[in-house]
Amino acid sequence: MIDFEIPDDLAALRDEIRAFVVEKIVPYERDPRVTRHGPNEDLRTELVGLARDAGLLTFQAPHRFGGREPSHREQAVLFEAAGWSTLGPVALNCAAPDEGNMYLLSKIATEEQADKFLVPVIDGRQRSVFAMTEPGGAGSDPNQLATAAVFDGTDYVINGRKWLITGANKARTWIIMARVAPNAHGPDGPTLFLCDGQTPGIELERVMDTMDRNYVEGHGVVRFDDLRLPAATVLGEVGQALRYAQLRLAPARLTHCMRWLGAASRAQSIAIDHARTRTGFGKPLGEHQGVSFMLADNEIALQQCRLAIWWACWTLDGGAKGRHESSMVKAYVSEELFKVADRCVQILGGMGISDETPVGAIFSDMRAFRLYDGPTEVHKYAIARQVLRNPS
Ligand SMILES: Cc1cc2nc3c(=O)[nH]c(=O)nc-3n(C[C@H](O)[C@H](O)[C@H](O)COP(=O)(O)OP(=O)(O)OC[C@H]3O[C@@H](n4cnc5c(N)ncnc54)[C@H](O)[C@@H]3O)c2cc1C
C-alpha cells in the first residue's frame, strides 16, 4: 500500500528548500532582470550562486554527480517546495528544460559526453536546450519531424528550423532532434545529437515574445544551416530519438506538475490572505459564500493534484515507465491548477491581473503548462486510444 507519511529527513530538506526560496529568492521576483523573455542569464547566475552557497544546488542530481538522488516520490515533495516562487527552481537548478535534460543525459550520455555536456549543467555553469518542435513540422506529433541529418560516413550535416526552444539564447549544451536520412553507412530515422551551442551552423533567429515569463532567456526560433556534427555527437543510438524523448517525458511531465503545484499553492495562500483582510458589503470577502467556495474548490484541487502526482511517482519508483500514468496526471494537473490560478486572480479582484502580487504572473505562466509536454487534448487522445485497445 502507499504510505503518505513524509519521513523526518525528507520533511527537513523540504523545509530547508522552502525557507531558502522564501527568504533568499522571493525578494528577487521584482528584479528588473526578470524580463519579457524570463529571468536573464545574469540573474540566473546570481541565484544559482545563492543555492550553491546554501548547499542546495541541483539537489535532484544522481549520487554519482554529487546530488542527493531523491526518488520520484521524494522529488514530488521537494519540487513542490522549490516551486513556491517560479524563480525557486531556477536558483536550485531544477527548472525546465535543464532538469529533464540532466535526467536524460544521466541515463544515456557516454562518460565523455557527460563530462563535457552534463557536468557543467549540473554545476550550474551552463544551461541546456532540447530542440524538437518545428513550425510546420514536429509538434504534438513528433513523427512530423522535418529537420534532416545527412550522413556522409564521417559527419552529419543538419538542416532545419525549430521554434519554442526554451533557453536557446546563450545555452551551451544542445540536444537536437533530427531525422537521419537513409544512407549507405548504417541506420537512419529520428536521432538525438549532443553538441555545443556555439557550433557554427546553429543560428538563433530571435527570441519569441510569449505570455509566460518564468523560463530563463525565453523561447527561441533557431535555424540549423549546414550544421556539421561528427558521428561521436550522436546521443544514444541512431533512430532512437522518439524512445529517448519518451524516457525523458514521463518524469519531466511530473516535475512540471510538482513545480506548478508549489506555485498554485502560493497563489492560494495570497488569495486566502486577501479574502481574510479585504472587506465588502459589511464583512471580509471570505465570508461571502461565492468567495469561500472558490477557496474550498482550490483547496480540494491542490490536494487532489498532490495525490495524483504522488501516485504516478509511486508507479515510476516501482520501475514502471509510467507513460500512461504520467499522461493522465499531466492532463489533469495542468487543467486543475490553471483553474486554481484563475480563481485566485478572481478573488484578488483587479489587483489579480496586476504585478502587485505574483498571482497574475503565475496565471499567465501557467497557461503554457496546458500546452507543453503534450497539450491536454493529445494526452486525452493517447489515453482514449489505450483504453479502447485494452478495455478493463
Ligand atoms: C512554454 C513552452 C515551452 C516549450 N519549450 C520547448 C522546448 O524547449 N523544446 C521543444 O522542442 N519544444 C518546446 N515547446 C513546444 C511544445 O512541446 C509544443 O508546443 C507542443 O508539443 C505542441 O506542439 P505544437 O505547438 O506544434 O502544437 P500542435 O501540434 O500544432 O497542436 C495544436 C493544438 O491542436 C490540438 N491537437 C493536436 N493533436 C491533437 C490530437 N491528436 N487530438 C486532439 N487535439 C489535438 C491541441 O489542442 C493542440 O494544442 C514549448 C512550448 C511551450 C508553450
# chains A, B, ... in the order shown; residues from 1 in each chain; ligands from 1
$ closest_atom_pairs --of "stretch 231-279 of chain A" --to "stretch 129-139 of chain A" --cutoff "12 Å" --atoms "only C-alpha atoms" --output "CSV"
residue,atom,partner,partner_atom,distance
A:Ala241,CA,A:Met132,CA,10.0
A:Leu242,CA,A:Met132,CA,10.3
A:Tyr244,CA,A:Phe130,CA,11.8
A:Ala245,CA,A:Met132,CA,9.4
A:Arg248,CA,A:Phe130,CA,10.5
A:Leu249,CA,A:Phe130,CA,11.5
$ residues_around --residues "A:Arg323" --least-positions-apart "5" --cutoff "12 Å" --atoms "only C-alpha atoms" --output "list in words"
Arg243, Ala245, Gln246, Leu247, Arg248, Leu249, Ala250, Pro251, Ala252, Arg253, Leu254, Ala312, Cys313, Thr315, Leu316, Met328, Val329, Lys330, Asp373, Gly374, His379, Ala382, Ile383 and Gln386 of chain A
$ closest_atom_pairs --of "chain A" --to "ligand 1" --cutoff "10 Å" --atoms "only C-alpha atoms and all ligand atoms" --output "tab-separated table"
residue	atom	partner	partner_atom_place_in_ligand_line	distance
A:Ala96	CA	ligand 1	8 (O)	8.0
A:Pro97	CA	ligand 1	8 (O)	6.0
A:Asp98	CA	ligand 1	8 (O)	9.3
A:Asn101	CA	ligand 1	8 (O)	9.9
A:Ser128	CA	ligand 1	8 (O)	9.2
A:Val129	CA	ligand 1	8 (O)	6.0
A:Phe130	CA	ligand 1	9 (N)	4.9
A:Ala131	CA	ligand 1	11 (O)	4.2
A:Met132	CA	ligand 1	11 (O)	3.4
A:Thr133	CA	ligand 1	11 (O)	3.8
A:Glu134	CA	ligand 1	26 (O)	6.8
A:Pro135	CA	ligand 1	26 (O)	6.7
A:Gly136	CA	ligand 1	26 (O)	7.3
A:Gly137	CA	ligand 1	26 (O)	7.4
A:Ala138	CA	ligand 1	26 (O)	6.4
A:Gly139	CA	ligand 1	26 (O)	3.5
A:Ser140	CA	ligand 1	29 (O)	3.6
A:Asp141	CA	ligand 1	29 (O)	5.9
A:Pro142	CA	ligand 1	21 (O)	8.0
A:Gln144	CA	ligand 1	29 (O)	9.5
A:Lys162	CA	ligand 1	11 (O)	7.3
A:Trp163	CA	ligand 1	12 (N)	6.9
A:Leu164	CA	ligand 1	14 (N)	4.8
A:Ile165	CA	ligand 1	8 (O)	4.0
A:Thr166	CA	ligand 1	8 (O)	3.8
A:Gly167	CA	ligand 1	8 (O)	7.0
A:Ala168	CA	ligand 1	8 (O)	8.0
A:Ile175	CA	ligand 1	9 (N)	9.4
A:Ile176	CA	ligand 1	11 (O)	8.5
A:Met177	CA	ligand 1	11 (O)	8.3
A:Thr210	CA	ligand 1	1 (C)	8.0
A:Met211	CA	ligand 1	1 (C)	8.6
A:Asp212	CA	ligand 1	1 (C)	6.8
A:Arg213	CA	ligand 1	1 (C)	9.0
A:Asn214	CA	ligand 1	1 (C)	8.9
A:Tyr215	CA	ligand 1	1 (C)	7.7
A:Gly218	CA	ligand 1	1 (C)	8.1
A:His219	CA	ligand 1	3 (C)	6.5
A:Gly220	CA	ligand 1	8 (O)	8.5
A:Asp365	CA	ligand 1	1 (C)	8.0
A:Met366	CA	ligand 1	1 (C)	8.9
A:Arg367	CA	ligand 1	53 (C)	8.3
A:Ala368	CA	ligand 1	53 (C)	4.7
A:Phe369	CA	ligand 1	1 (C)	6.8
A:Arg370	CA	ligand 1	53 (C)	8.0
A:Leu371	CA	ligand 1	53 (C)	5.3
A:Tyr372	CA	ligand 1	16 (C)	4.3
A:Asp373	CA	ligand 1	17 (O)	5.2
A:Gly374	CA	ligand 1	21 (O)	5.2
A:Pro375	CA	ligand 1	49 (O)	4.8
A:Thr376	CA	ligand 1	47 (O)	6.9
A:Glu377	CA	ligand 1	43 (C)	4.5
A:Val378	CA	ligand 1	40 (C)	4.5
A:His379	CA	ligand 1	42 (N)	7.9
A:Lys380	CA	ligand 1	42 (N)	7.3
A:Tyr381	CA	ligand 1	42 (N)	5.2
A:Ala382	CA	ligand 1	41 (N)	7.6
$ closest_residue --among "A:Ala91, A:Ala61, A:Ala231, A:Ile122" --to "A:Leu192" --atoms "only C-alpha atoms"
A:Ala231
$ select_by_dssp --residues "stretch 76-190 of chain A" --states "strand (DSSP E or B)" --output "number ranges by chain"
A: 128-131, 148-151, 155-166, 173-180, 183, 186, 189-190
$ select_by_dssp --residues "stretch 1-168 of chain A" --states "alpha helix (DSSP H)" --output "ChimeraX atom specification"
/A:8-20,41-53,72-82,87-92,98-108,111-113,119-122
$ residues_around --residues "stretch 66-79 of chain A" --least-positions-apart "4" --cutoff "8 Å" --atoms "only C-alpha atoms" --output "list in words"
Leu10, Leu13, Arg14, Ile17, Thr58, Phe59, Gln60, Ala61, Pro62, Gly83, Pro89, Cys94, Pro251, Thr255, Met258, Arg259, Gly262, Ile309, Trp310, Cys313, Trp314, Leu316 and Asp317 of chain A
$ write_last_selection --atoms "N, CA and C atoms" --output "PDB file, in the first residue's frame"
ATOM      1  N   LEU A  10      13.212  13.837   4.979  1.00  0.00           N
ATOM      2  CA  LEU A  10      12.635  14.467   3.787  1.00  0.00           C
ATOM      3  C   LEU A  10      11.917  15.768   4.172  1.00  0.00           C
ATOM      4  N   LEU A  13      14.493  18.481   4.694  1.00  0.00           N
ATOM      5  CA  LEU A  13      15.033  19.042   3.447  1.00  0.00           C
ATOM      6  C   LEU A  13      13.978  19.912   2.752  1.00  0.00           C
ATOM      7  N   ARG A  14      12.735  19.465   2.763  1.00  0.00           N
ATOM      8  CA  ARG A  14      11.637  20.269   2.203  1.00  0.00           C
ATOM      9  C   ARG A  14      11.568  21.633   2.886  1.00  0.00           C
ATOM     10  N   ILE A  17      14.461  23.835   1.835  1.00  0.00           N
ATOM     11  CA  ILE A  17      14.256  24.383   0.482  1.00  0.00           C
ATOM     12  C   ILE A  17      13.224  25.499   0.533  1.00  0.00           C
ATOM     13  N   THR A  58      21.074  21.849  -7.424  1.00  0.00           N
ATOM     14  CA  THR A  58      20.871  20.594  -8.175  1.00  0.00           C
ATOM     15  C   THR A  58      20.751  19.397  -7.214  1.00  0.00           C
ATOM     16  N   PHE A  59      19.926  19.588  -6.180  1.00  0.00           N
ATOM     17  CA  PHE A  59      19.775  18.535  -5.155  1.00  0.00           C
ATOM     18  C   PHE A  59      19.270  17.236  -5.759  1.00  0.00           C
ATOM     19  N   GLN A  60      18.595  17.332  -6.939  1.00  0.00           N
ATOM     20  CA  GLN A  60      17.981  16.122  -7.508  1.00  0.00           C
ATOM     21  C   GLN A  60      18.943  15.289  -8.332  1.00  0.00           C
ATOM     22  N   ALA A  61      20.192  15.751  -8.516  1.00  0.00           N
ATOM     23  CA  ALA A  61      21.135  15.030  -9.392  1.00  0.00           C
ATOM     24  C   ALA A  61      21.454  13.644  -8.823  1.00  0.00           C
ATOM     25  N   PRO A  62      21.836  12.711  -9.709  1.00  0.00           N
ATOM     26  CA  PRO A  62      22.233  11.376  -9.213  1.00  0.00           C
ATOM     27  C   PRO A  62      23.432  11.468  -8.277  1.00  0.00           C
ATOM     28  N   GLY A  83       8.931  25.184  -6.000  1.00  0.00           N
ATOM     29  CA  GLY A  83       8.068  25.935  -6.905  1.00  0.00           C
ATOM     30  C   GLY A  83       7.292  27.068  -6.254  1.00  0.00           C
ATOM     31  N   PRO A  89      12.959  27.121  -8.679  1.00  0.00           N
ATOM     32  CA  PRO A  89      13.605  26.068  -9.476  1.00  0.00           C
ATOM     33  C   PRO A  89      14.784  26.593 -10.299  1.00  0.00           C
ATOM     34  N   CYS A  94      16.637  23.143 -10.740  1.00  0.00           N
ATOM     35  CA  CYS A  94      15.716  22.023 -11.010  1.00  0.00           C
ATOM     36  C   CYS A  94      14.561  22.520 -11.871  1.00  0.00           C
ATOM     37  N   PRO A 251       8.993  11.382 -16.495  1.00  0.00           N
ATOM     38  CA  PRO A 251       9.371  12.107 -15.273  1.00  0.00           C
ATOM     39  C   PRO A 251       9.308  13.621 -15.440  1.00  0.00           C
ATOM     40  N   THR A 255       7.603  16.444 -13.004  1.00  0.00           N
ATOM     41  CA  THR A 255       8.302  17.528 -12.297  1.00  0.00           C
ATOM     42  C   THR A 255       7.671  18.884 -12.636  1.00  0.00           C
ATOM     43  N   MET A 258       4.819  19.097 -10.283  1.00  0.00           N
ATOM     44  CA  MET A 258       5.261  19.369  -8.905  1.00  0.00           C
ATOM     45  C   MET A 258       5.565  20.860  -8.716  1.00  0.00           C
ATOM     46  N   ARG A 259       6.335  21.421  -9.655  1.00  0.00           N
ATOM     47  CA  ARG A 259       6.712  22.841  -9.516  1.00  0.00           C
ATOM     48  C   ARG A 259       5.476  23.732  -9.578  1.00  0.00           C
ATOM     49  N   GLY A 262       3.493  23.874  -6.454  1.00  0.00           N
ATOM     50  CA  GLY A 262       4.057  24.840  -5.500  1.00  0.00           C
ATOM     51  C   GLY A 262       3.599  26.254  -5.807  1.00  0.00           C
ATOM     52  N   ILE A 309      -0.101  13.250  -8.328  1.00  0.00           N
ATOM     53  CA  ILE A 309       1.343  13.274  -8.623  1.00  0.00           C
ATOM     54  C   ILE A 309       2.049  12.169  -7.830  1.00  0.00           C
ATOM     55  N   TRP A 310       1.738  12.067  -6.563  1.00  0.00           N
ATOM     56  CA  TRP A 310       2.391  11.056  -5.712  1.00  0.00           C
ATOM     57  C   TRP A 310       2.117   9.652  -6.257  1.00  0.00           C
ATOM     58  N   CYS A 313       4.214   9.047  -9.310  1.00  0.00           N
ATOM     59  CA  CYS A 313       5.606   8.873  -8.861  1.00  0.00           C
ATOM     60  C   CYS A 313       5.815   7.485  -8.287  1.00  0.00           C
ATOM     61  N   TRP A 314       4.826   7.021  -7.572  1.00  0.00           N
ATOM     62  CA  TRP A 314       4.898   5.698  -6.963  1.00  0.00           C
ATOM     63  C   TRP A 314       5.047   4.633  -8.046  1.00  0.00           C
ATOM     64  N   LEU A 316       6.412   5.066 -11.006  1.00  0.00           N
ATOM     65  CA  LEU A 316       7.776   5.181 -11.558  1.00  0.00           C
ATOM     66  C   LEU A 316       8.795   4.599 -10.583  1.00  0.00           C
ATOM     67  N   ASP A 317       8.626   4.885  -9.304  1.00  0.00           N
ATOM     68  CA  ASP A 317       9.559   4.336  -8.300  1.00  0.00           C
ATOM     69  C   ASP A 317       9.514   2.810  -8.287  1.00  0.00           C
TER      70      ASP A 317
END
$ closest_residue --among "A:Val34, A:Leu118, A:Leu47, A:Val222" --to "A:Leu204" --atoms "only C-alpha atoms"
A:Val222
$ decode --residues "stretch 126-252 of chain A" --atoms "C-alpha atoms" --output "short mmCIF file (atom, residue, chain, number, x, y, z; two decimals), in the first residue's frame"
data_model
loop_
_atom_site.label_atom_id
_atom_site.label_comp_id
_atom_site.auth_asym_id
_atom_site.auth_seq_id
_atom_site.Cartn_x
_atom_site.Cartn_y
_atom_site.Cartn_z
CA GLN A 126 25.88 26.38 -18.24
CA ARG A 127 22.36 25.73 -19.50
CA SER A 128 20.92 23.18 -21.88
CA VAL A 129 18.20 23.02 -24.53
CA PHE A 130 16.09 20.28 -26.05
CA ALA A 131 15.35 21.24 -29.65
CA MET A 132 12.50 19.25 -31.13
CA THR A 133 9.49 21.41 -32.03
CA GLU A 134 9.30 22.88 -35.54
CA PRO A 135 7.00 25.42 -37.17
CA GLY A 136 5.03 23.22 -39.57
CA GLY A 137 6.91 20.02 -38.59
CA ALA A 138 7.31 18.15 -35.28
CA GLY A 139 4.92 19.31 -32.54
CA SER A 140 2.29 17.21 -30.80
CA ASP A 141 3.10 14.66 -33.47
CA PRO A 142 6.88 14.12 -33.39
CA ASN A 143 6.59 11.84 -36.42
CA GLN A 144 6.30 15.02 -38.47
CA LEU A 145 9.97 15.74 -37.69
CA ALA A 146 11.36 17.59 -40.70
CA THR A 147 14.89 18.63 -39.63
CA ALA A 148 17.19 16.46 -41.74
CA ALA A 149 20.62 14.98 -40.95
CA VAL A 150 22.57 13.67 -43.94
CA PHE A 151 25.45 11.33 -43.04
CA ASP A 152 28.47 11.22 -45.33
CA GLY A 153 30.29 8.44 -43.45
CA THR A 154 32.11 10.85 -41.10
CA ASP A 155 29.84 13.81 -40.34
CA TYR A 156 26.13 14.53 -40.15
CA VAL A 157 25.06 17.69 -41.97
CA ILE A 158 21.92 19.06 -40.32
CA ASN A 159 19.44 21.50 -41.83
CA GLY A 160 16.10 22.62 -40.42
CA ARG A 161 14.26 25.14 -38.30
CA LYS A 162 12.94 24.86 -34.72
CA TRP A 163 10.89 27.12 -32.53
CA LEU A 164 9.67 27.41 -28.94
CA ILE A 165 13.14 26.21 -27.91
CA THR A 166 13.33 27.20 -24.25
CA GLY A 167 16.54 28.86 -23.15
CA ALA A 168 18.15 28.75 -26.61
CA ASN A 169 19.81 32.13 -26.12
CA LYS A 170 23.32 31.60 -24.69
CA ALA A 171 22.81 27.90 -23.83
CA ARG A 172 25.85 25.68 -24.44
CA THR A 173 24.54 22.09 -24.08
CA TRP A 174 22.29 21.37 -27.05
CA ILE A 175 20.22 18.24 -27.60
CA ILE A 176 18.92 18.38 -31.17
CA MET A 177 16.39 16.04 -32.72
CA ALA A 178 16.83 15.44 -36.44
CA ARG A 179 15.88 12.71 -38.88
CA VAL A 180 18.86 10.84 -40.27
CA ALA A 181 18.22 10.24 -43.96
CA PRO A 182 18.64 6.71 -45.32
CA ASN A 183 22.34 6.25 -46.12
CA ALA A 184 24.80 3.59 -47.18
CA HIS A 185 26.69 3.66 -43.85
CA GLY A 186 24.14 2.42 -41.31
CA PRO A 187 20.79 3.08 -39.61
CA ASP A 188 18.53 6.07 -40.12
CA GLY A 189 15.48 7.70 -38.51
CA PRO A 190 14.80 10.26 -35.75
CA THR A 191 18.05 10.77 -33.81
CA LEU A 192 19.33 12.91 -30.95
CA PHE A 193 22.58 14.85 -31.30
CA LEU A 194 24.53 16.45 -28.45
CA CYS A 195 26.70 19.45 -29.23
CA ASP A 196 27.91 22.88 -28.12
CA GLY A 197 25.52 25.76 -28.80
CA GLN A 198 28.40 27.75 -30.27
CA THR A 199 29.00 25.26 -33.10
CA PRO A 200 28.90 27.10 -36.45
CA GLY A 201 25.58 26.39 -38.18
CA ILE A 202 23.37 26.98 -35.11
CA GLU A 203 21.68 30.33 -35.70
CA LEU A 204 19.35 31.92 -33.15
CA GLU A 205 16.93 33.89 -35.35
CA ARG A 206 15.11 35.55 -32.45
CA VAL A 207 13.60 35.06 -29.02
CA MET A 208 9.80 34.85 -29.26
CA ASP A 209 7.53 37.25 -27.38
CA THR A 210 5.27 34.99 -25.33
CA MET A 211 2.77 35.32 -22.49
CA ASP A 212 4.98 33.48 -19.97
CA ARG A 213 7.98 34.96 -18.18
CA ASN A 214 9.33 32.18 -15.99
CA TYR A 215 11.80 30.37 -18.26
CA VAL A 216 15.38 31.60 -18.39
CA GLU A 217 16.03 33.54 -21.63
CA GLY A 218 12.55 32.69 -23.01
CA HIS A 219 11.92 30.59 -26.12
CA GLY A 220 13.99 30.80 -29.28
CA VAL A 221 13.47 30.36 -33.01
CA VAL A 222 16.52 28.53 -34.27
CA ARG A 223 17.88 27.64 -37.70
CA PHE A 224 20.34 24.85 -38.42
CA ASP A 225 22.23 25.85 -41.50
CA ASP A 226 24.59 23.10 -42.69
CA LEU A 227 25.36 22.30 -39.06
CA ARG A 228 28.16 19.72 -39.36
CA LEU A 229 28.46 17.26 -36.46
CA PRO A 230 30.80 14.25 -36.19
CA ALA A 231 29.38 10.77 -35.56
CA ALA A 232 30.52 10.94 -31.90
CA THR A 233 27.87 13.60 -31.25
CA VAL A 234 25.03 11.10 -31.66
CA LEU A 235 23.32 10.78 -28.27
CA GLY A 236 22.43 7.14 -27.69
CA GLU A 237 21.69 5.27 -30.91
CA VAL A 238 20.71 6.47 -34.36
CA GLY A 239 16.97 6.12 -34.98
CA GLN A 240 16.01 6.00 -31.28
CA ALA A 241 15.16 9.67 -30.62
CA LEU A 242 11.46 9.11 -30.01
CA ARG A 243 12.16 6.34 -27.50
CA TYR A 244 14.62 8.62 -25.63
CA ALA A 245 12.15 11.51 -25.74
CA GLN A 246 9.62 9.24 -24.02
CA LEU A 247 12.21 8.28 -21.40
CA ARG A 248 12.66 11.99 -20.63
CA LEU A 249 8.98 12.88 -20.89
CA ALA A 250 7.30 10.76 -18.20
CA PRO A 251 9.37 12.11 -15.27
CA ALA A 252 9.64 15.58 -16.83
#
